[in-house]
Amino acid sequence: MATKESKKQAAAADKMEWIIAVLGMAVLLVALGFILYRAVTHESKPPDLSVSVESVERGEQGYRVDFLVNNSGTQTAAAVVIEGELSNGGQSVEKSNATLAYAPANSTRRGGLYFTNDPRLYEMTIRAGGFEKP
Amino acid sequence: MAIQLPRIDPINDGYGRFFIDLGRANAGAVLFSFPLLMTMEMWWLGFSMSGYRFALFILLSMPLMFGLSYYDGFEDTQTFGDDVRETFIAYFVGFVIAALMLYLFGVITSGMSLDEIVGKISLLGVIAGIGAMFTQSLLGPNSGMAQSAEKHKRSLHYGGQLFLTAVGALFLSMSVAPTEEIMLISYQMSDWHILGLAVLTIGVMHRFIYAADQKRRKHEVVRESSGSSLFFRLTLVSYAIVLLISFYILWTFGSIDGMGLEERLKVIIVLGFPAAVGGGASRLII
């Protein structure tokens, strides 16, 4: 048999359930609104990739160049090939490349390239070579 | 000497019952969404999916959750308000679980745009929410005999059976639909293989439906039905629903965009197999 105390608790629990339900509704509606808003205002800008060098460090396998890829477009690029090249007065010394699974719209991704030569002694160019539309 | 433990009476203790329900909803959300939380295609879909299709998916999940609550949820619901409340509690649990797990798995990190974060959490949050609701019949006190007679009856009627087929189909097909393998399998299969798989799928569905029919008869929802009437009234209709669900999921995830009609049909039939197993099983479970 329910006592007076447990009845009071049941009422409190009921209130708590409603609070959580309202929170759930708010979270869901915010997410839905955000996604819809983005879909409506979405100007379709193809992936626009830029690569910047973050650091160059010596490692076990020669030199590691950490890079940051920024996609400022509104479309996602998949299978992004990052190509790095060291050159000396127009003469190619060494090439290296890495593939990123994804560079999502308006986001950044990080990766690294290995070179056997010290990149600091040469001219280094790092660029996105190409991508696939997901 | 015996130690006096605080006793929780799950029926009379309001808080106790509430926390048990909530805990069970959490377990359900995790149980169902784990394979998807750990599938990278799913993370990518969160930001690569078409915005309109994504929004439609979230919108359609609401009547689905509501229906699940009506037929079988984590609490015994009596009124319309109860079902609404239960639906949104499940969403809340789903979103919290998805956000927490994705963060812990390192799927969500700094440097990601708001679009990406919201997309990832929303997609898996909705799925985990459905899981929270769906698994109640496996873990909840309502499973088996203890289920309230009225709910049980609801789920055994024709409309209820078809609804549960659709949910079960969605439930199982969603966990394989985003993977590359579904496509690969359809490429590997010849037309005869596809035909064979379709026949097998219908056969499996019919077995499930036959078993569910025995259950319905036991509860005297239906009186007599011959095998062939069962086949046409339930099995074929259910298979049509399963193929529709299969198509909807593939379309939502954008997997079959740009494919030829025949190739699309093949993928739909391939995904229809796990969908049919899920659809058939859910009518037995709930």
# chains A, B, ... in the order shown; residues from 1 in each chain; ligands from 1
call {"tool": "interface_residues", "arguments": {"of": "chain B", "to": "chain A", "cutoff": "8 Å", "atoms": "only C-alpha atoms", "output": "VMD selection string"}}
result
chain B and resid 12 to 15 18 47 to 48 50 to 52 54 to 55 58 to 59 85 to 93 95 111 to 113 115 to 116 118 to 119 122
call {"tool": "closest_atom_pairs", "arguments": {"of": "stretch 191-217 of chain B", "to": "stretch 158-176 of chain B", "cutoff": "12 Å", "atoms": "only C-alpha atoms", "output": "tab-separated table"}}
result
residue	atom	partner	partner_atom	distance
B:Met205	CA	B:Thr165	CA	10.0
B:Phe208	CA	B:Thr165	CA	10.5
B:Ile209	CA	B:Gln161	CA	9.4
B:Ala212	CA	B:Gln161	CA	9.1
B:Asp213	CA	B:Gln161	CA	10.0
B:Lys215	CA	B:Gln161	CA	11.8
B:Arg216	CA	B:Gln161	CA	10.1
call {"tool": "write_last_selection", "arguments": {"atoms": "C-alpha atoms", "output": "PDB file, in the first residue's frame"}}
result
ATOM      1  CA  MET B 205       9.287 -13.459 -43.152  1.00  0.00           C
ATOM      2  CA  PHE B 208       8.169 -15.233 -38.423  1.00  0.00           C
ATOM      3  CA  ILE B 209       4.638 -14.208 -39.267  1.00  0.00           C
ATOM      4  CA  ALA B 212       3.575 -14.431 -34.458  1.00  0.00           C
ATOM      5  CA  ASP B 213       0.169 -15.641 -35.603  1.00  0.00           C
ATOM      6  CA  LYS B 215       0.959 -15.922 -30.421  1.00  0.00           C
ATOM      7  CA  ARG B 216      -1.961 -13.845 -31.603  1.00  0.00           C
TER       8      ARG B 216
END
call {"tool": "residues_around", "arguments": {"residues": "A:Thr99", "least_positions_apart": "3", "cutoff": "9 Å", "atoms": "only C-alpha atoms", "output": "JSON, numbers by chain"}}
result
{"A": [79, 80, 81, 82, 83, 102, 111]}
call {"tool": "residues_around", "arguments": {"residues": "A:Gly59", "least_positions_apart": "3", "cutoff": "10 Å", "atoms": "only C-alpha atoms", "output": "PyMOL selection string"}}
result
chain A and resi 56+62-65+114-116
call {"tool": "atom_distance", "arguments": {"atom1": "atom CA of B:Ile108", "atom2": "atom CA of B:Glu180"}}
result
22.6 Å
call {"tool": "select_by_dssp", "arguments": {"residues": "chain A", "states": "strand (DSSP E)", "output": "PyMOL selection string"}}
result
chain A and resi 49-59+62-71+77-88+91-103+107-115+123-132
call {"tool": "atom_distance", "arguments": {"atom1": "atom CA of B:Arg233", "atom2": "atom CA of B:Lys266"}}
result
24.9 Å
call {"tool": "atom_distance", "arguments": {"atom1": "atom CA of B:Met259", "atom2": "atom CA of B:Phe247"}}
result
12.7 Å
call {"tool": "residues_around", "arguments": {"residues": "stretch 118-127 of chain A", "least_positions_apart": "3", "cutoff": "10 Å", "atoms": "only C-alpha atoms", "output": "PDB file with N, CA and C atoms, in the first residue's frame"}}
result
ATOM      1  N   LEU A  49      39.811  24.169 -50.204  1.00  0.00           N
ATOM      2  CA  LEU A  49      40.799  23.662 -49.254  1.00  0.00           C
ATOM      3  C   LEU A  49      42.047  24.527 -49.212  1.00  0.00           C
ATOM      4  N   SER A  50      42.522  24.762 -48.013  1.00  0.00           N
ATOM      5  CA  SER A  50      43.814  25.423 -47.882  1.00  0.00           C
ATOM      6  C   SER A  50      44.633  24.637 -46.864  1.00  0.00           C
ATOM      7  N   VAL A  51      45.924  24.535 -47.117  1.00  0.00           N
ATOM      8  CA  VAL A  51      46.793  23.758 -46.233  1.00  0.00           C
ATOM      9  C   VAL A  51      47.841  24.685 -45.644  1.00  0.00           C
ATOM     10  N   SER A  52      48.011  24.620 -44.343  1.00  0.00           N
ATOM     11  CA  SER A  52      49.078  25.421 -43.738  1.00  0.00           C
ATOM     12  C   SER A  52      49.958  24.526 -42.882  1.00  0.00           C
ATOM     13  N   VAL A  53      51.226  24.843 -42.853  1.00  0.00           N
ATOM     14  CA  VAL A  53      52.193  24.056 -42.080  1.00  0.00           C
ATOM     15  C   VAL A  53      52.142  24.515 -40.635  1.00  0.00           C
ATOM     16  N   VAL A  56      57.521  21.670 -38.007  1.00  0.00           N
ATOM     17  CA  VAL A  56      58.445  20.718 -38.626  1.00  0.00           C
ATOM     18  C   VAL A  56      59.291  20.139 -37.507  1.00  0.00           C
ATOM     19  N   GLU A  57      59.321  18.805 -37.432  1.00  0.00           N
ATOM     20  CA  GLU A  57      60.077  18.194 -36.335  1.00  0.00           C
ATOM     21  C   GLU A  57      60.871  17.010 -36.837  1.00  0.00           C
ATOM     22  N   ARG A  58      61.968  16.746 -36.172  1.00  0.00           N
ATOM     23  CA  ARG A  58      62.770  15.581 -36.502  1.00  0.00           C
ATOM     24  C   ARG A  58      62.178  14.372 -35.802  1.00  0.00           C
ATOM     25  N   GLY A  62      63.132  10.447 -40.277  1.00  0.00           N
ATOM     26  CA  GLY A  62      63.446  11.692 -40.959  1.00  0.00           C
ATOM     27  C   GLY A  62      62.691  12.853 -40.343  1.00  0.00           C
ATOM     28  N   TYR A  63      62.068  13.653 -41.195  1.00  0.00           N
ATOM     29  CA  TYR A  63      61.407  14.862 -40.702  1.00  0.00           C
ATOM     30  C   TYR A  63      59.894  14.782 -40.894  1.00  0.00           C
ATOM     31  N   ARG A  64      59.223  15.261 -39.884  1.00  0.00           N
ATOM     32  CA  ARG A  64      57.765  15.229 -39.944  1.00  0.00           C
ATOM     33  C   ARG A  64      57.239  16.656 -40.049  1.00  0.00           C
ATOM     34  N   VAL A  65      56.378  16.878 -41.029  1.00  0.00           N
ATOM     35  CA  VAL A  65      55.752  18.187 -41.185  1.00  0.00           C
ATOM     36  C   VAL A  65      54.282  18.046 -40.823  1.00  0.00           C
ATOM     37  N   PHE A  67      50.606  19.379 -40.721  1.00  0.00           N
ATOM     38  CA  PHE A  67      49.837  20.382 -41.461  1.00  0.00           C
ATOM     39  C   PHE A  67      48.389  20.427 -41.002  1.00  0.00           C
ATOM     40  N   VAL A  69      44.550  21.264 -42.561  1.00  0.00           N
ATOM     41  CA  VAL A  69      43.746  21.499 -43.751  1.00  0.00           C
ATOM     42  C   VAL A  69      42.468  22.191 -43.326  1.00  0.00           C
ATOM     43  N   VAL A  81      43.747  14.275 -50.995  1.00  0.00           N
ATOM     44  CA  VAL A  81      45.171  13.971 -51.140  1.00  0.00           C
ATOM     45  C   VAL A  81      45.975  15.241 -50.852  1.00  0.00           C
ATOM     46  N   ILE A  82      46.881  15.136 -49.896  1.00  0.00           N
ATOM     47  CA  ILE A  82      47.742  16.273 -49.575  1.00  0.00           C
ATOM     48  C   ILE A  82      49.135  15.962 -50.125  1.00  0.00           C
ATOM     49  N   GLU A  83      49.616  16.838 -50.991  1.00  0.00           N
ATOM     50  CA  GLU A  83      50.918  16.621 -51.619  1.00  0.00           C
ATOM     51  C   GLU A  83      51.928  17.631 -51.092  1.00  0.00           C
ATOM     52  N   GLY A  84      53.063  17.114 -50.719  1.00  0.00           N
ATOM     53  CA  GLY A  84      54.130  17.989 -50.269  1.00  0.00           C
ATOM     54  C   GLY A  84      55.361  17.800 -51.137  1.00  0.00           C
ATOM     55  N   GLU A  85      56.057  18.879 -51.403  1.00  0.00           N
ATOM     56  CA  GLU A  85      57.242  18.777 -52.241  1.00  0.00           C
ATOM     57  C   GLU A  85      58.342  19.697 -51.717  1.00  0.00           C
ATOM     58  N   LEU A  86      59.550  19.170 -51.688  1.00  0.00           N
ATOM     59  CA  LEU A  86      60.706  19.989 -51.355  1.00  0.00           C
ATOM     60  C   LEU A  86      61.456  20.264 -52.648  1.00  0.00           C
ATOM     61  N   SER A  87      61.803  21.509 -52.868  1.00  0.00           N
ATOM     62  CA  SER A  87      62.543  21.817 -54.094  1.00  0.00           C
ATOM     63  C   SER A  87      63.690  22.770 -53.789  1.00  0.00           C
ATOM     64  N   ASN A  88      64.639  22.722 -54.678  1.00  0.00           N
ATOM     65  CA  ASN A  88      65.834  23.551 -54.528  1.00  0.00           C
ATOM     66  C   ASN A  88      66.033  24.293 -55.844  1.00  0.00           C
ATOM     67  N   GLY A  89      65.709  25.554 -55.865  1.00  0.00           N
ATOM     68  CA  GLY A  89      65.862  26.362 -57.070  1.00  0.00           C
ATOM     69  C   GLY A  89      65.098  25.788 -58.246  1.00  0.00           C
ATOM     70  N   GLY A  90      63.862  25.381 -58.007  1.00  0.00           N
ATOM     71  CA  GLY A  90      63.028  24.860 -59.080  1.00  0.00           C
ATOM     72  C   GLY A  90      63.236  23.381 -59.348  1.00  0.00           C
ATOM     73  N   GLN A  91      64.224  22.797 -58.723  1.00  0.00           N
ATOM     74  CA  GLN A  91      64.487  21.366 -58.918  1.00  0.00           C
ATOM     75  C   GLN A  91      63.864  20.566 -57.785  1.00  0.00           C
ATOM     76  N   SER A  92      63.039  19.597 -58.153  1.00  0.00           N
ATOM     77  CA  SER A  92      62.369  18.797 -57.137  1.00  0.00           C
ATOM     78  C   SER A  92      63.372  17.904 -56.412  1.00  0.00           C
ATOM     79  N   VAL A  93      63.318  17.950 -55.098  1.00  0.00           N
ATOM     80  CA  VAL A  93      64.245  17.148 -54.295  1.00  0.00           C
ATOM     81  C   VAL A  93      63.539  15.914 -53.743  1.00  0.00           C
ATOM     82  N   GLU A  94      62.348  16.151 -53.198  1.00  0.00           N
ATOM     83  CA  GLU A  94      61.636  15.044 -52.567  1.00  0.00           C
ATOM     84  C   GLU A  94      60.139  15.309 -52.563  1.00  0.00           C
ATOM     85  N   LYS A  95      59.380  14.230 -52.729  1.00  0.00           N
ATOM     86  CA  LYS A  95      57.928  14.379 -52.681  1.00  0.00           C
ATOM     87  C   LYS A  95      57.360  13.457 -51.611  1.00  0.00           C
ATOM     88  N   SER A  96      56.240  13.863 -51.062  1.00  0.00           N
ATOM     89  CA  SER A  96      55.588  13.036 -50.050  1.00  0.00           C
ATOM     90  C   SER A  96      54.088  13.330 -50.099  1.00  0.00           C
ATOM     91  N   ASN A  97      53.267  12.373 -49.782  1.00  0.00           N
ATOM     92  CA  ASN A  97      51.830  12.688 -49.745  1.00  0.00           C
ATOM     93  C   ASN A  97      51.080  11.907 -48.681  1.00  0.00           C
ATOM     94  N   LEU A 113      53.273  14.822 -42.865  1.00  0.00           N
ATOM     95  CA  LEU A 113      54.010  14.304 -44.019  1.00  0.00           C
ATOM     96  C   LEU A 113      55.429  13.985 -43.553  1.00  0.00           C
ATOM     97  N   TYR A 114      56.013  12.927 -44.081  1.00  0.00           N
ATOM     98  CA  TYR A 114      57.402  12.603 -43.742  1.00  0.00           C
ATOM     99  C   TYR A 114      58.327  12.916 -44.910  1.00  0.00           C
ATOM    100  N   PHE A 115      59.455  13.493 -44.588  1.00  0.00           N
ATOM    101  CA  PHE A 115      60.507  13.735 -45.577  1.00  0.00           C
ATOM    102  C   PHE A 115      61.819  13.197 -45.017  1.00  0.00           C
ATOM    103  N   GLY A 130      43.716  16.825 -54.605  1.00  0.00           N
ATOM    104  CA  GLY A 130      42.399  16.501 -55.155  1.00  0.00           C
ATOM    105  C   GLY A 130      41.527  15.845 -54.107  1.00  0.00           C
TER     106      GLY A 130
END
call {"tool": "select_by_dssp", "arguments": {"residues": "stretch 50-215 of chain B", "states": "alpha helix (DSSP H)", "output": "ChimeraX atom specification"}}
result
/B:51-71,80-104,114-134,136-139,149-156,158-176,180-188,191-215
call {"tool": "write_last_selection", "arguments": {"atoms": "C-alpha atoms", "output": "short mmCIF file (atom, residue, chain, number, x, y, z; two decimals), in the first residue's frame"}}
result
data_model
loop_
_atom_site.label_atom_id
_atom_site.label_comp_id
_atom_site.auth_asym_id
_atom_site.auth_seq_id
_atom_site.Cartn_x
_atom_site.Cartn_y
_atom_site.Cartn_z
CA GLY B 51 20.16 18.69 -44.81
CA TYR B 52 16.56 18.26 -45.97
CA ARG B 53 16.70 14.48 -45.81
CA PHE B 54 18.26 14.73 -42.37
CA ALA B 55 15.49 17.02 -41.15
CA LEU B 56 12.86 14.70 -42.62
CA PHE B 57 14.49 11.76 -40.86
CA ILE B 58 14.29 13.55 -37.51
CA LEU B 59 10.69 14.59 -38.15
CA LEU B 60 9.63 11.07 -39.11
CA SER B 61 11.33 9.64 -36.06
CA MET B 62 8.80 11.45 -33.85
CA PRO B 63 5.64 9.55 -34.89
CA LEU B 64 7.75 6.40 -34.85
CA MET B 65 8.85 6.99 -31.26
CA PHE B 66 5.34 7.93 -30.30
CA GLY B 67 4.00 4.75 -31.86
CA LEU B 68 6.61 2.67 -30.09
CA SER B 69 5.63 4.23 -26.80
CA TYR B 70 2.00 3.46 -27.56
CA TYR B 71 2.69 -0.18 -28.34
CA PHE B 80 -1.70 10.57 -24.75
CA GLY B 81 0.35 12.81 -22.47
CA ASP B 82 2.17 9.80 -21.09
CA ASP B 83 3.26 8.76 -24.57
CA VAL B 84 4.43 12.26 -25.44
CA ARG B 85 6.41 12.48 -22.23
CA GLU B 86 7.97 9.08 -22.72
CA THR B 87 8.91 9.92 -26.31
CA PHE B 88 10.83 13.02 -25.34
CA ILE B 89 12.51 11.40 -22.36
CA ALA B 90 13.80 8.78 -24.80
CA TYR B 91 15.15 11.52 -27.10
CA PHE B 92 16.85 13.16 -24.17
CA VAL B 93 18.50 9.91 -23.12
CA GLY B 94 19.52 9.25 -26.74
CA PHE B 95 21.13 12.65 -27.24
CA VAL B 96 23.00 12.51 -23.94
CA ILE B 97 24.34 9.01 -24.69
CA ALA B 98 25.32 9.94 -28.26
CA ALA B 99 27.09 13.14 -27.19
CA LEU B 100 28.92 11.41 -24.36
CA MET B 101 30.02 8.38 -26.36
CA LEU B 102 31.09 10.36 -29.42
CA TYR B 103 33.11 12.64 -27.18
CA LEU B 104 34.75 9.72 -25.39
CA LEU B 114 29.07 23.46 -35.28
CA ASP B 115 27.46 21.82 -38.32
CA GLU B 116 29.62 18.77 -37.92
CA ILE B 117 29.12 18.45 -34.17
CA VAL B 118 25.37 19.00 -34.28
CA GLY B 119 25.05 16.66 -37.27
CA LYS B 120 26.93 13.82 -35.66
CA ILE B 121 25.19 14.06 -32.30
CA SER B 122 21.73 14.51 -33.83
CA LEU B 123 21.93 11.52 -36.15
CA LEU B 124 23.20 9.15 -33.49
CA GLY B 125 21.08 10.78 -30.79
CA VAL B 126 17.87 10.05 -32.67
CA ILE B 127 19.00 6.49 -33.31
CA ALA B 128 19.98 5.98 -29.67
CA GLY B 129 16.60 7.44 -28.69
CA ILE B 130 14.82 4.87 -30.82
CA GLY B 131 17.06 2.26 -29.22
CA ALA B 132 16.10 3.49 -25.75
CA MET B 133 12.47 2.99 -26.63
CA PHE B 134 12.82 -0.21 -28.63
CA GLN B 136 12.45 -1.82 -23.48
CA SER B 137 10.62 -4.87 -24.67
CA LEU B 138 13.82 -6.87 -24.28
CA LEU B 139 14.84 -5.57 -20.87
CA ALA B 149 -2.96 -6.65 -21.17
CA GLU B 150 -4.16 -3.59 -23.00
CA LYS B 151 -0.79 -2.80 -24.58
CA HIS B 152 -0.33 -6.37 -25.52
CA LYS B 153 -3.62 -6.33 -27.31
CA ARG B 154 -2.76 -3.11 -29.13
CA SER B 155 0.42 -4.56 -30.58
CA LEU B 156 -1.30 -7.70 -31.79
CA TYR B 158 -3.22 -5.79 -37.85
CA GLY B 159 -2.08 -2.14 -37.81
CA GLY B 160 0.10 -2.78 -34.78
CA GLN B 161 1.72 -5.76 -36.43
CA LEU B 162 2.54 -3.79 -39.57
CA PHE B 163 3.86 -0.88 -37.52
CA LEU B 164 6.12 -3.15 -35.53
CA THR B 165 7.36 -4.72 -38.77
CA ALA B 166 8.32 -1.30 -40.06
CA VAL B 167 10.13 -0.37 -36.84
CA GLY B 168 11.97 -3.67 -36.64
CA ALA B 169 12.99 -3.36 -40.28
CA LEU B 170 14.29 0.15 -39.66
CA PHE B 171 16.08 -0.99 -36.52
CA LEU B 172 18.11 -3.74 -38.18
CA SER B 173 18.61 -2.26 -41.63
CA MET B 174 19.97 0.99 -40.22
CA SER B 175 22.92 -0.76 -38.63
CA VAL B 176 24.13 -2.15 -41.96
CA GLU B 180 30.24 -0.18 -47.93
CA GLU B 181 29.54 -3.91 -47.79
CA ILE B 182 25.87 -3.56 -48.71
CA MET B 183 26.92 -1.99 -52.01
CA LEU B 184 29.68 -4.52 -52.57
CA ILE B 185 27.33 -7.45 -51.96
CA SER B 186 24.86 -6.11 -54.49
CA TYR B 187 27.64 -5.74 -57.07
CA GLN B 188 28.78 -9.29 -56.46
CA ASP B 191 20.26 -11.31 -61.09
CA TRP B 192 19.56 -14.93 -60.17
CA HIS B 193 21.24 -14.50 -56.80
CA ILE B 194 19.07 -11.46 -56.15
CA LEU B 195 15.93 -13.36 -57.10
CA GLY B 196 16.96 -16.22 -54.82
CA LEU B 197 17.57 -13.82 -51.94
CA ALA B 198 14.15 -12.20 -52.44
CA VAL B 199 12.46 -15.63 -52.31
CA LEU B 200 14.45 -16.59 -49.22
CA THR B 201 13.57 -13.28 -47.54
CA ILE B 202 9.85 -13.85 -48.15
CA GLY B 203 10.21 -17.39 -46.78
CA VAL B 204 11.92 -16.16 -43.61
CA MET B 205 9.29 -13.46 -43.15
CA HIS B 206 6.51 -15.99 -43.51
CA ARG B 207 8.03 -18.18 -40.80
CA PHE B 208 8.17 -15.23 -38.42
CA ILE B 209 4.64 -14.21 -39.27
CA TYR B 210 3.39 -17.73 -38.79
CA ALA B 211 5.01 -17.84 -35.35
CA ALA B 212 3.58 -14.43 -34.46
CA ASP B 213 0.17 -15.64 -35.60
CA GLN B 214 0.33 -18.50 -33.12
CA LYS B 215 0.96 -15.92 -30.42
#
